[in-house]
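Undergrad: If you scroll down you'll find the structure; I have some questions about it.
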Protein chains: 2
Amino acid sequence: MFAVTILGNNSALPAFDRHPTSQVVTIDEHLLLVDCGEGTQMQIAKYKIRRSKINHIFISHLHGDHYFGLIGLITSMGLLGRTQDLNLYAPASLKEIIDLQLKVADTTLPFALNFHPLNDEGIVVKENKFEVSCFPVYHRIECWGFRFKQIKPLRKINPEKTREHEVPSSFFERLKWGEDYINKDGNIIKNELVTTQAPKGKSYTYSADTKYDERIIEKVSGADLLYHEATYLKDLPERAEKRFHSTSVQAATIAKKAKVNKLILGHFSSKYESLKEFEDEAREVFPNTELAIEGVSYRV
Amino acid sequence: MFAVTILGNNSALPAFDRHPTSQVVTIDEHLLLVDCGEGTQMQIAKYKIRRSKINHIFISHLHGDHYFGLIGLITSMGLLGRTQDLNLYAPASLKEIIDLQLKVADTTLPFALNFHPLNDEGIVVKENKFEVSCFPVYHRIECWGFRFKQIKPLRKINPEKTREHEVPSSFFERLKWGEDYINKDGNIIKNELVTTQAPKGKSYTYSADTKYDERIIEKVSGADLLYHEATYLKDLPERAEKRFHSTSVQAATIAKKAKVNKLILGHFSSKYESLKEFEDEAREVFPNTELAIEGVSYRV
């Protein structure tokens, strides 16, 4: 299971019952929260996201529509009696804001909030089943994109062959990671004999808020799913450039040049009540495009 | 026109589609916002409150469920191109938080945000049609209640008498404030001859988050409408005391002892899905009680 659920797809000004940016990336039993605009905790409740499963939160940048909901979510987690650690990956100044807000409320969280400032491009967290790295994008202030990679076993068990060579199922996990098996007679059963090549882990790339910049292509290259912002329709490239945002066609161009498999568009300006044209315009450049719709999960 | 519209009636943890505390006090054309929990800007949009008419915001204390929505509301006002001043009355530390959040976003508001720290009991703002004063209540951290007083002319025109004494309508505004009229012959027409006593301006008192404390009685005494928090039902007075909150019956007792005209209850704990018992319990002590329901306006 590897999917992205949209909690907010709008730009800064909430409108038309669209909310500021937030997404949940599900990798098996792990939930990773990406950005956390105002109202995210209500969206989490509305879409029945299990907040106790969220152990990692990634904040791309410190414009309010990407983090004003974070302190509310964190304090609610405390009120609900959370005890397990929460890991927060964000621009450094966020720590100062959170510390100040907890201090004035005379609040001590009942769990450890581990703050990981984003400083350099590269891996920010690596666990058994996933790895997340960050890369710079091009916005008015410091802003980071995130690449979510599913870590999958290298090899797939061939049940017929493992039976034939009498490899016990207790050894299967090690087989999946490429080990050879030594049987009770001391003979080596080569891994390739009893397994086949497994499909590679997939990747989801979130390029946050950014103007059109071809340096991003390399960063998102080959992603199975790419989220790229599209604040404006294609007739407003100057406004997009000036405000460090992108248009529908610019997002699709990045997707095409980076040879991703699928594109989802979000961060729509409150100028637009209907979103249909975003899809139409992007699909002319990159057909496998969908709109990021709140409450919908997109499989990676 | 003097009314209170409830935008959020729940305690800290949003639940059952109830939101954290926020209210709008309407005095003729003036809208005064009282507390501003997360999501207030969405509630303002939902209930079609004209945010451009809000020039004064009062924050009782710095627990998140009373102010986490403020920075989002303020930045949205900026995005919407607001230019008129906004006055904010709040505990002093809030300024530091807002300044830091604007700084990290590299944002300059297009309007003046005038910060008025709450330090002493007394009048915090006085305008032509209203006056607001603050008083301390008894919560875990510094917390202020607010008294909203409508300022009304002292006298009411008697049309028959003004005609009889040939007082021109251009002088009526001055008559209402008690002035005598001097006619063209130099004769004094005493105010009492052409006016009658006007009804007094009414008052609404918001006692914020507080435990039961009889020192509050004097502060809210005689209010036409009192909002008092009732986080718990009457069977949990120890929990209420420990958490510096009140029960239904404690709120009603304050209302009764302070001889207010009407009581509204709010800040309900997320423990309770149904609120009916709050009303039932409070009415046994103080019959003229209503629940503060989101989207409903209560006339003062």
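Note on naming: chains are A, B, ... as they come in the structure tokens, residues start from 1 per chain, ligands start from 1 in the order shown.
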Using only C-alpha atoms, determine which residues lie at most 10 Å from segment 123-126 of chain B, disregarding the query and same-chain residues fewer than 3 positions distant; provide the list as a count of residues only.
TA: 21
Undergrad: Which polymer residues have any atom within 6 Å of an atom of segment 281-295 of chain A, counting only C-alpha atoms, with same-chain residues fewer than 3 positions away left out, as a list in words?
TA: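 Those residues are Ile6, Leu7, Gly8, Ser248, Val249, Ala252, Lys256, Lys262, Leu263, Ile264, Leu265, Gly266, Glu277 and Phe278 of chain A.
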Undergrad: Please, could you write that set of residues out with N, CA and C atoms as a PDB file, in the first residue's frame?
TA:
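Written file, out.pdb:
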```
ATOM      1  N   ILE A   6      -5.325  13.553  -0.170  1.00  0.00           N
ATOM      2  CA  ILE A   6      -5.309  15.019  -0.142  1.00  0.00           C
ATOM      3  C   ILE A   6      -6.244  15.525   0.960  1.00  0.00           C
ATOM      4  N   LEU A   7      -5.714  16.353   1.851  1.00  0.00           N
ATOM      5  CA  LEU A   7      -6.531  16.974   2.899  1.00  0.00           C
ATOM      6  C   LEU A   7      -6.841  18.431   2.570  1.00  0.00           C
ATOM      7  N   GLY A   8      -5.968  19.064   1.787  1.00  0.00           N
ATOM      8  CA  GLY A   8      -6.190  20.458   1.393  1.00  0.00           C
ATOM      9  C   GLY A   8      -5.551  20.695   0.047  1.00  0.00           C
ATOM     10  N   SER A 248      -0.795  25.586 -14.684  1.00  0.00           N
ATOM     11  CA  SER A 248      -1.177  24.230 -15.094  1.00  0.00           C
ATOM     12  C   SER A 248      -0.192  23.651 -16.115  1.00  0.00           C
ATOM     13  N   VAL A 249       0.097  24.454 -17.150  1.00  0.00           N
ATOM     14  CA  VAL A 249       0.946  23.965 -18.238  1.00  0.00           C
ATOM     15  C   VAL A 249       2.407  23.846 -17.789  1.00  0.00           C
ATOM     16  N   ALA A 252       2.670  20.605 -15.914  1.00  0.00           N
ATOM     17  CA  ALA A 252       2.630  19.476 -16.848  1.00  0.00           C
ATOM     18  C   ALA A 252       3.943  19.359 -17.624  1.00  0.00           C
ATOM     19  N   LYS A 256       6.322  16.102 -17.811  1.00  0.00           N
ATOM     20  CA  LYS A 256       6.693  15.506 -19.099  1.00  0.00           C
ATOM     21  C   LYS A 256       8.207  15.376 -19.228  1.00  0.00           C
ATOM     22  N   LYS A 262       2.801   9.675 -13.429  1.00  0.00           N
ATOM     23  CA  LYS A 262       1.515  10.357 -13.264  1.00  0.00           C
ATOM     24  C   LYS A 262       1.712  11.657 -12.510  1.00  0.00           C
ATOM     25  N   LEU A 263       0.840  12.636 -12.814  1.00  0.00           N
ATOM     26  CA  LEU A 263       0.926  13.958 -12.183  1.00  0.00           C
ATOM     27  C   LEU A 263      -0.370  14.278 -11.465  1.00  0.00           C
ATOM     28  N   ILE A 264      -0.267  14.818 -10.252  1.00  0.00           N
ATOM     29  CA  ILE A 264      -1.454  15.437  -9.637  1.00  0.00           C
ATOM     30  C   ILE A 264      -1.152  16.916  -9.384  1.00  0.00           C
ATOM     31  N   LEU A 265      -2.199  17.718  -9.621  1.00  0.00           N
ATOM     32  CA  LEU A 265      -2.075  19.178  -9.511  1.00  0.00           C
ATOM     33  C   LEU A 265      -2.814  19.678  -8.278  1.00  0.00           C
ATOM     34  N   GLY A 266      -2.257  20.681  -7.613  1.00  0.00           N
ATOM     35  CA  GLY A 266      -2.950  21.267  -6.460  1.00  0.00           C
ATOM     36  C   GLY A 266      -2.543  22.706  -6.226  1.00  0.00           C
ATOM     37  N   GLU A 277     -10.639  23.339 -15.886  1.00  0.00           N
ATOM     38  CA  GLU A 277      -9.677  23.821 -16.878  1.00  0.00           C
ATOM     39  C   GLU A 277      -8.225  23.483 -16.528  1.00  0.00           C
ATOM     40  N   PHE A 278      -7.940  23.372 -15.223  1.00  0.00           N
ATOM     41  CA  PHE A 278      -6.579  22.981 -14.830  1.00  0.00           C
ATOM     42  C   PHE A 278      -6.237  21.619 -15.433  1.00  0.00           C
TER      43      PHE A 278
END
```
Undergrad: Mind checking which residues fall within 7 Å of segment 178-182 of chain B, counting only C-alpha atoms, ignoring those fewer than 4 positions away in the same chain, and posting them as an MDAnalysis selection string?
TA: chainID B and resid 154:155 174 186:191
Undergrad: Which neighbours of Arg299 of chain A fall inside 10 Å, counting only C-alpha atoms, when residues of the same chain fewer than 6 positions from it are skipped, and could you give them as a CSV table (one decimal) with C-alpha atoms, in the first residue's frame?
TA:
```csv
chain,number,residue,atom,x,y,z
A,1,MET,CA,0.0,0.0,0.0
A,2,PHE,CA,1.5,3.3,-1.1
A,3,ALA,CA,-0.9,6.2,-1.6
A,4,VAL,CA,-1.4,10.0,-1.1
A,5,THR,CA,-4.6,11.3,0.4
A,25,VAL,CA,1.3,9.7,2.5
A,26,THR,CA,0.5,6.1,3.4
A,204,TYR,CA,6.1,9.9,-4.8
A,224,ASP,CA,5.8,7.1,-10.1
A,225,LEU,CA,3.6,10.0,-8.9
```
Undergrad: Just need the residues of chain A within 10 Å of chain B, counting only C-alpha atoms, so spit them out as an NGL selection string.
TA: :A and (12-19 or 37-42 or 45-46 or 61-65 or 68-73 or 75-77 or 79-80 or 91-94 or 96-98 or 100-107 or 140-142)
Undergrad: Please, could you write that set of residues out with C-alpha atoms as a tab-separated table (two decimals), in the first residue's frame?
TA:
```tsv
chain	number	residue	atom	x	y	z
A	12	ALA	CA	-3.43	30.61	0.81
A	13	LEU	CA	-6.96	31.93	1.01
A	14	PRO	CA	-9.46	29.18	1.89
A	15	ALA	CA	-12.41	29.27	-0.51
A	16	PHE	CA	-15.20	27.13	-2.00
A	17	ASP	CA	-14.78	24.68	0.88
A	18	ARG	CA	-11.22	24.04	-0.29
A	19	HIS	CA	-8.57	24.05	2.41
A	37	GLY	CA	-2.40	24.30	6.81
A	38	GLU	CA	-5.04	25.69	9.14
A	39	GLY	CA	-7.83	23.20	9.78
A	40	THR	CA	-5.76	20.10	9.03
A	41	GLN	CA	-6.77	18.46	12.30
A	42	MET	CA	-10.42	18.89	11.32
A	45	ALA	CA	-11.06	13.85	11.59
A	46	LYS	CA	-13.37	14.31	8.60
A	61	HIS	CA	8.12	26.14	4.11
A	62	LEU	CA	6.88	28.72	6.56
A	63	HIS	CA	4.09	30.40	4.67
A	64	GLY	CA	1.05	30.05	6.88
A	65	ASP	CA	-1.08	28.05	4.47
A	68	PHE	CA	-0.71	27.22	10.63
A	69	GLY	CA	-2.58	24.00	11.49
A	70	LEU	CA	0.47	22.28	12.94
A	71	ILE	CA	0.44	23.68	16.47
A	72	GLY	CA	-3.26	22.81	16.83
A	73	LEU	CA	-2.64	19.27	15.64
A	75	THR	CA	-1.51	20.17	21.05
A	76	SER	CA	-4.55	18.03	20.23
A	77	MET	CA	-2.31	14.96	20.02
A	79	LEU	CA	-4.71	16.28	24.80
A	80	LEU	CA	-5.52	12.86	23.37
A	91	PRO	CA	12.80	24.88	8.24
A	92	ALA	CA	14.69	25.72	11.43
A	93	SER	CA	12.63	28.74	12.55
A	94	LEU	CA	9.55	26.61	13.12
A	96	GLU	CA	11.22	28.78	17.78
A	97	ILE	CA	7.54	29.41	16.97
A	98	ILE	CA	6.35	26.13	18.49
A	100	LEU	CA	7.08	30.04	22.12
A	101	GLN	CA	3.48	28.90	21.64
A	102	LEU	CA	3.90	26.07	24.14
A	103	LYS	CA	5.62	28.39	26.61
A	104	VAL	CA	2.91	31.06	26.66
A	105	ALA	CA	0.27	28.34	27.14
A	106	ASP	CA	2.34	26.83	29.98
A	107	THR	CA	1.97	23.51	28.15
A	140	ARG	CA	9.76	33.43	-2.35
A	141	ILE	CA	11.24	32.03	0.88
A	142	GLU	CA	13.23	28.87	1.71
```
Undergrad: Near Asn128 of chain B, within 12 Å and counting only C-alpha atoms, which residues show up once chain neighbours fewer than 6 positions away are dropped, as a list in words?
TA: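 Listing them by chain and then by number gives Ile27, Asp28, Glu29, His30, Lys149, Gln150, Ile151, Lys152 and Pro153 of chain B.
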Undergrad: Using only C-alpha atoms, which protein or nucleic acid residues come within 9 Å of Ile157 of chain A? Drop anything in the same chain fewer than 6 positions from it, and give the result as a list of chain:residue names.
TA: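 My list of contacting residues is A:Phe172, A:Leu175, A:Lys176, A:Val194, A:Thr195, A:Thr196, A:Ala198.
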Undergrad: What lies within 9 Å of Pro110 of chain B using only C-alpha atoms, ignoring chain neighbours under 3 positions off, as a ChimeraX atom specification?
TA: /B:77-79,81-84
Undergrad: May I have the residues from that selection written out with N, CA and C atoms, as a PDB file, in the first residue's frame?
TA:
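Result went into selection15.pdb, see below:
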```pdb
ATOM      1  N   MET B  77      -6.737  38.519   5.716  1.00  0.00           N
ATOM      2  CA  MET B  77      -7.188  39.917   5.560  1.00  0.00           C
ATOM      3  C   MET B  77      -6.178  40.679   4.691  1.00  0.00           C
ATOM      4  N   GLY B  78      -4.887  40.419   4.918  1.00  0.00           N
ATOM      5  CA  GLY B  78      -3.851  41.048   4.105  1.00  0.00           C
ATOM      6  C   GLY B  78      -3.960  40.635   2.642  1.00  0.00           C
ATOM      7  N   LEU B  79      -4.141  39.333   2.395  1.00  0.00           N
ATOM      8  CA  LEU B  79      -4.263  38.837   1.020  1.00  0.00           C
ATOM      9  C   LEU B  79      -5.481  39.432   0.318  1.00  0.00           C
ATOM     10  N   GLY B  81      -6.414  42.349   0.656  1.00  0.00           N
ATOM     11  CA  GLY B  81      -6.160  43.748   0.341  1.00  0.00           C
ATOM     12  C   GLY B  81      -6.675  44.740   1.379  1.00  0.00           C
ATOM     13  N   ARG B  82      -6.904  44.271   2.604  1.00  0.00           N
ATOM     14  CA  ARG B  82      -7.362  45.187   3.649  1.00  0.00           C
ATOM     15  C   ARG B  82      -6.381  46.346   3.812  1.00  0.00           C
ATOM     16  N   THR B  83      -6.903  47.547   4.025  1.00  0.00           N
ATOM     17  CA  THR B  83      -6.017  48.682   4.300  1.00  0.00           C
ATOM     18  C   THR B  83      -6.337  49.349   5.641  1.00  0.00           C
ATOM     19  N   GLN B  84      -7.585  49.194   6.117  1.00  0.00           N
ATOM     20  CA  GLN B  84      -7.897  49.913   7.376  1.00  0.00           C
ATOM     21  C   GLN B  84      -7.259  49.212   8.569  1.00  0.00           C
TER      22      GLN B  84
END
```
Undergrad: Measure the distance from atom CA of Ser246 of chain B to atom CA of Tyr298 of chain B in Å and round it to one decimal.
TA: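 These atoms are spaced 21.6 Å apart.
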